[in-house]
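Asks: Here you go, this is my_file.txt (compact mmCIF, C-alpha atoms).
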```
# COMPACT_ATOMS: atom_id res chain seq x y z
CA MET S 1314 30.22 -26.39 43.91
CA ILE S 1315 27.06 -24.28 43.95
CA LEU S 1316 27.56 -21.11 41.91
CA VAL S 1317 25.39 -18.14 42.83
CA ARG S 1318 25.71 -16.64 39.31
CA GLN S 1319 24.07 -19.76 37.85
CA GLU S 1320 21.01 -19.32 40.09
CA ILE S 1321 20.90 -15.55 39.56
CA GLY S 1322 20.93 -16.16 35.80
CA ASP S 1323 18.13 -18.72 36.02
CA VAL S 1324 16.00 -16.46 38.21
CA LEU S 1325 16.49 -13.43 35.94
CA ARG S 1326 15.55 -15.46 32.88
CA ASP S 1327 12.51 -16.97 34.62
CA PHE S 1328 11.22 -13.54 35.68
CA ARG S 1329 11.83 -12.17 32.17
CA LEU S 1330 9.91 -15.04 30.53
CA GLN S 1331 7.15 -14.80 33.15
CA LYS S 1332 6.71 -11.16 32.13
CA GLY S 1333 6.79 -12.03 28.43
CA ARG S 1334 9.76 -9.82 27.62
CA THR S 1335 12.57 -10.48 25.17
CA LEU S 1336 16.28 -10.34 25.98
CA ARG S 1337 16.47 -7.35 23.63
CA GLN S 1338 13.72 -5.42 25.46
CA VAL S 1339 15.24 -5.96 28.90
CA ALA S 1340 18.82 -5.30 27.76
CA SER S 1341 17.72 -2.08 26.10
CA LYS S 1342 15.72 -0.87 29.09
CA ALA S 1343 18.56 -1.79 31.48
CA SER S 1344 21.18 -0.23 29.19
CA VAL S 1345 23.31 -3.37 29.09
CA ALA S 1346 24.60 -5.17 26.01
CA LEU S 1347 22.29 -7.93 24.79
CA GLY S 1348 25.16 -10.45 24.61
CA TYR S 1349 26.22 -9.63 28.16
CA LEU S 1350 22.70 -10.07 29.56
CA SER S 1351 22.45 -13.37 27.69
CA GLU S 1352 25.71 -14.56 29.28
CA VAL S 1353 24.49 -13.46 32.72
CA GLU S 1354 21.24 -15.41 32.22
CA ARG S 1355 23.22 -18.51 31.25
CA GLY S 1356 25.40 -18.18 34.37
CA GLN S 1357 28.51 -17.53 32.31
CA LYS S 1358 29.20 -14.01 33.58
CA GLU S 1359 28.98 -12.51 37.04
CA ALA S 1360 26.62 -9.54 37.02
CA SER S 1361 28.00 -6.57 38.93
CA SER S 1362 25.72 -5.13 41.61
CA GLU S 1363 25.03 -2.13 39.37
CA ILE S 1364 24.00 -4.34 36.42
CA LEU S 1365 21.84 -6.46 38.72
CA ALA S 1366 20.07 -3.34 39.99
CA SER S 1367 19.49 -2.10 36.42
CA VAL S 1368 18.15 -5.44 35.19
CA ALA S 1369 15.89 -5.87 38.24
CA ASP S 1370 14.57 -2.37 37.60
CA ALA S 1371 14.03 -3.13 33.89
CA LEU S 1372 12.10 -6.27 34.89
CA ASP S 1373 10.05 -4.36 37.51
CA VAL S 1374 11.07 -6.94 40.11
CA PRO S 1375 12.55 -5.78 43.45
CA ILE S 1376 16.13 -7.02 43.99
CA SER S 1377 15.03 -8.50 47.31
CA ILE S 1378 12.56 -10.79 45.50
CA ILE S 1379 15.31 -11.91 43.14
CA MET S 1380 17.80 -12.59 45.94
CA ARG S 1381 15.28 -14.45 48.11
CA GLU S 1382 14.31 -16.60 45.13
CA VAL S 1383 18.02 -17.28 44.55
CA GLY S 1384 18.37 -18.23 48.22
CA ASP S 1385 15.33 -20.51 48.06
CA ARG S 1386 16.61 -22.32 44.96
CA ILE S 1387 20.08 -22.78 46.45
CA SER S 1388 18.57 -24.16 49.65
CA VAL S 1389 16.92 -26.87 47.54
CA LEU S 1390 20.29 -27.62 45.88
CA GLU S 1391 21.89 -27.76 49.33
CA GLY S 1392 19.22 -30.17 50.50
CA LEU S 1393 17.95 -27.77 53.14
CA GLN S 1394 14.25 -27.58 53.87
CA VAL S 1395 12.40 -24.59 52.46
CA PHE S 1396 9.43 -23.35 54.40
CA PRO S 1397 6.94 -22.32 51.67
CA ASP S 1398 5.75 -18.69 51.66
CA VAL S 1399 2.30 -19.74 50.43
CA VAL S 1400 0.25 -22.91 50.49
CA PRO S 1401 0.99 -24.74 47.19
CA ASP S 1402 -1.91 -24.76 44.71
CA ASP S 1403 -2.06 -28.57 44.51
CA LEU S 1404 -2.31 -28.79 48.29
CA VAL S 1405 -5.15 -26.26 48.30
CA ALA S 1406 -6.91 -28.24 45.55
CA SER S 1407 -6.57 -31.46 47.54
CA ILE S 1408 -7.98 -29.89 50.71
CA GLU S 1409 -10.81 -27.79 49.23
CA PRO S 1410 -13.18 -30.71 48.48
CA GLN S 1411 -12.94 -31.82 52.12
CA LEU S 1412 -13.59 -28.29 53.35
CA SER S 1413 -16.77 -27.97 51.26
CA LEU S 1414 -18.12 -31.18 52.81
CA ARG S 1415 -18.24 -29.65 56.27
CA MET H 56 20.78 2.39 44.23
CA ILE H 57 20.78 -0.76 46.33
CA LEU H 58 24.04 -2.67 45.82
CA VAL H 59 23.92 -6.40 46.44
CA ARG H 60 27.69 -6.53 47.17
CA GLN H 61 27.18 -4.13 50.10
CA GLU H 62 24.63 -6.45 51.69
CA ILE H 63 26.67 -9.58 50.91
CA GLY H 64 29.67 -7.94 52.59
CA ASP H 65 27.66 -7.00 55.68
CA VAL H 66 26.16 -10.48 55.96
CA LEU H 67 29.54 -12.22 55.58
CA ARG H 68 31.08 -9.99 58.25
CA ASP H 69 28.14 -10.48 60.61
CA PHE H 70 28.34 -14.28 60.29
CA ARG H 71 32.12 -14.18 60.81
CA LEU H 72 31.81 -12.06 63.96
CA GLN H 73 28.92 -14.19 65.20
CA LYS H 74 31.24 -17.20 64.95
CA GLY H 75 34.08 -15.35 66.64
CA ARG H 76 36.50 -15.74 63.75
CA THR H 77 39.09 -13.27 62.51
CA LEU H 78 39.44 -12.05 58.93
CA ARG H 79 42.79 -13.84 58.87
CA GLN H 80 41.30 -17.19 59.92
CA VAL H 81 38.49 -17.09 57.36
CA ALA H 82 40.70 -15.81 54.54
CA SER H 83 43.21 -18.54 55.23
CA LYS H 84 40.60 -21.32 55.39
CA ALA H 85 38.90 -20.03 52.21
CA SER H 86 42.25 -19.57 50.43
CA VAL H 87 41.56 -15.95 49.57
CA ALA H 88 43.80 -12.95 50.22
CA LEU H 89 43.06 -11.20 53.50
CA GLY H 90 42.92 -7.78 51.83
CA TYR H 91 40.49 -9.07 49.24
CA LEU H 92 38.14 -10.58 51.84
CA SER H 93 38.29 -7.34 53.78
CA GLU H 94 37.26 -5.38 50.66
CA VAL H 95 34.42 -7.84 49.99
CA GLU H 96 33.18 -7.42 53.57
CA ARG H 97 33.23 -3.63 53.15
CA GLY H 98 31.25 -3.90 49.91
CA GLN H 99 34.12 -2.51 47.86
CA LYS H 100 34.72 -5.61 45.73
CA GLU H 101 32.29 -8.01 44.05
CA ALA H 102 32.94 -11.56 45.25
CA SER H 103 32.92 -14.08 42.41
CA SER H 104 30.60 -17.05 42.88
CA GLU H 105 33.63 -19.27 43.51
CA ILE H 106 34.98 -16.96 46.25
CA LEU H 107 31.52 -16.72 47.79
CA ALA H 108 31.27 -20.51 47.91
CA SER H 109 34.74 -20.78 49.51
CA VAL H 110 34.03 -18.14 52.12
CA ALA H 111 30.61 -19.63 52.98
CA ASP H 112 32.31 -23.01 53.37
CA ALA H 113 35.04 -21.49 55.55
CA LEU H 114 32.33 -19.92 57.75
CA ASP H 115 30.34 -23.18 57.89
CA VAL H 116 27.25 -21.30 56.69
CA PRO H 117 25.25 -22.63 53.70
CA ILE H 118 25.21 -20.21 50.75
CA SER H 119 21.41 -20.36 50.79
CA ILE H 120 21.34 -18.94 54.32
CA ILE H 121 23.65 -16.12 53.23
CA MET H 122 21.58 -15.29 50.14
CA ARG H 123 18.25 -15.39 51.96
CA GLU H 124 19.66 -13.11 54.65
CA VAL H 125 20.85 -10.78 51.88
CA GLY H 126 17.35 -10.88 50.35
CA ASP H 127 15.73 -10.17 53.71
CA ARG H 128 17.97 -7.17 54.38
CA ILE H 129 17.40 -5.74 50.91
CA SER H 130 13.65 -6.13 51.33
CA VAL H 131 13.88 -3.89 54.40
CA LEU H 132 15.89 -1.34 52.38
CA GLU H 133 13.27 -1.54 49.63
CA GLY H 134 10.54 -0.93 52.18
CA LEU H 135 8.89 -4.28 51.48
CA GLN H 136 7.33 -6.24 54.28
CA VAL H 137 9.32 -9.16 55.61
CA PHE H 138 7.33 -12.05 56.97
CA PRO H 139 9.32 -13.10 60.04
CA ASP H 140 10.65 -16.66 60.15
CA VAL H 141 10.11 -16.80 63.90
CA VAL H 142 7.85 -15.05 66.35
CA PRO H 143 9.83 -12.08 67.74
CA ASP H 144 10.89 -12.47 71.41
CA ASP H 145 9.12 -9.31 72.52
CA LEU H 146 5.86 -10.50 70.96
CA VAL H 147 6.20 -13.85 72.74
CA ALA H 148 6.86 -12.02 76.01
CA SER H 149 3.75 -9.85 75.53
CA ILE H 150 1.51 -12.85 74.79
CA GLU H 151 2.81 -15.34 77.36
CA PRO H 152 1.18 -13.69 80.43
CA GLN H 153 -2.24 -13.87 78.71
CA LEU H 154 -1.70 -17.52 77.76
CA SER H 155 -0.90 -18.47 81.36
CA LEU H 156 -4.19 -16.88 82.51
CA ARG H 157 -6.26 -19.38 80.53
```
In structure tokens, what does this structure look like?
Replies:
Amino acid sequence: MILVRQEIGDVLRDFRLQKGRTLRQVASKASVALGYLSEVERGQKEASSEILASVADALDVPISIIMREVGDRISVLEGLQVFPDVVPDDLVASIEPQLSLR
Amino acid sequence: MILVRQEIGDVLRDFRLQKGRTLRQVASKASVALGYLSEVERGQKEASSEILASVADALDVPISIIMREVGDRISVLEGLQVFPDVVPDDLVASIEPQLSLR
């Protein structure tokens, strides 16, 4: 069974690490207990909508970006095709040499 | 404050109505109490990940589709641009006459 809280936790952790912030910094800014945020990130606790809004705000990431990323990751788990929002870097790199030959 | 449960509730209700099913039918198929599902749809209760998976299954809608729709709706609330998945009908209608002139 696909659990949304697992994906939400992964996405929150990934955004936090991408921004180089510690659990402590984000928990403090979002006014949530460090242990609770840690459990949310590990998919062990459901984050209430209020907590999710606070954490997204503390991470400076719009909730919509978080939820769409969650949706995209679940669609991969469900085996559904994801139409990419951007051209992947490796595809660009493989095409660029041919473009410069023109 | 944007509450994810409000959008999840709206999306679940919209999919249910789109499929012409009653609250009673979906609650029964998902093995959740009718009153509980009704509160989830009205954004008054947080649905656990397990309940969300059961309801999505009962609606025959992948969870990823539900979460991406939630993300899309929140992005409108947040005032962020949404890149449409399909060309809007009215845009197609406005372009088609010009195409047929070629």
Asks: Could you please tell me, as a VMD selection string, which residues of chain S have an atom within 10 Å of chain H when using only C-alpha atoms?
Replies: chain S and resid 1314 to 1319 1358 to 1367 1375 to 1391 1393 1396 1398
Asks: Quick one: everything within 9 Å of Val1368 of chain S, counting only C-alpha atoms, minus sequence neighbours fewer than 5 positions away in the same chain. Send it as a VMD selection string.
Replies: chain S and resid 1325 1339 to 1340 1342 to 1345 1350 1363 1373 to 1374
Asks: Would you compute the distance between atom CA of Asp144 of chain H and atom CA of Ile63 of chain H? Give it in Å to one decimal.
Replies: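 Computing the Euclidean distance for atom CA of Asp144 of chain H and atom CA of Ile63 of chain H yields 26.0 Å.
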Asks: Give me, please, the distance in Å between atom CA of Phe70 of chain H and atom CA of Gln1357 of chain S, quoted to one decimal.
Replies: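 Taking atom CA of Phe70 of chain H as the start and atom CA of Gln1357 of chain S as the end point, the length is 28.2 Å.
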Asks: So how far away is atom CA of Leu1372 of chain S from atom CA of Arg1326 of chain S, in Å?
Replies: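 If I compute the distance from atom CA of Arg1326 of chain S to atom CA of Leu1372 of chain S, I get 10.0 Å.
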Asks: Can you tell me, as a list of chain:residue names, what residues are no more than 9 Å from Arg79 of chain H when counting all atoms listed in the file, ignoring any on the same chain fewer than 4 positions away?
Replies: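 Once the nearby chain positions are removed, what remains is H:Ser83, H:Lys84, H:Ala88, H:Leu89.
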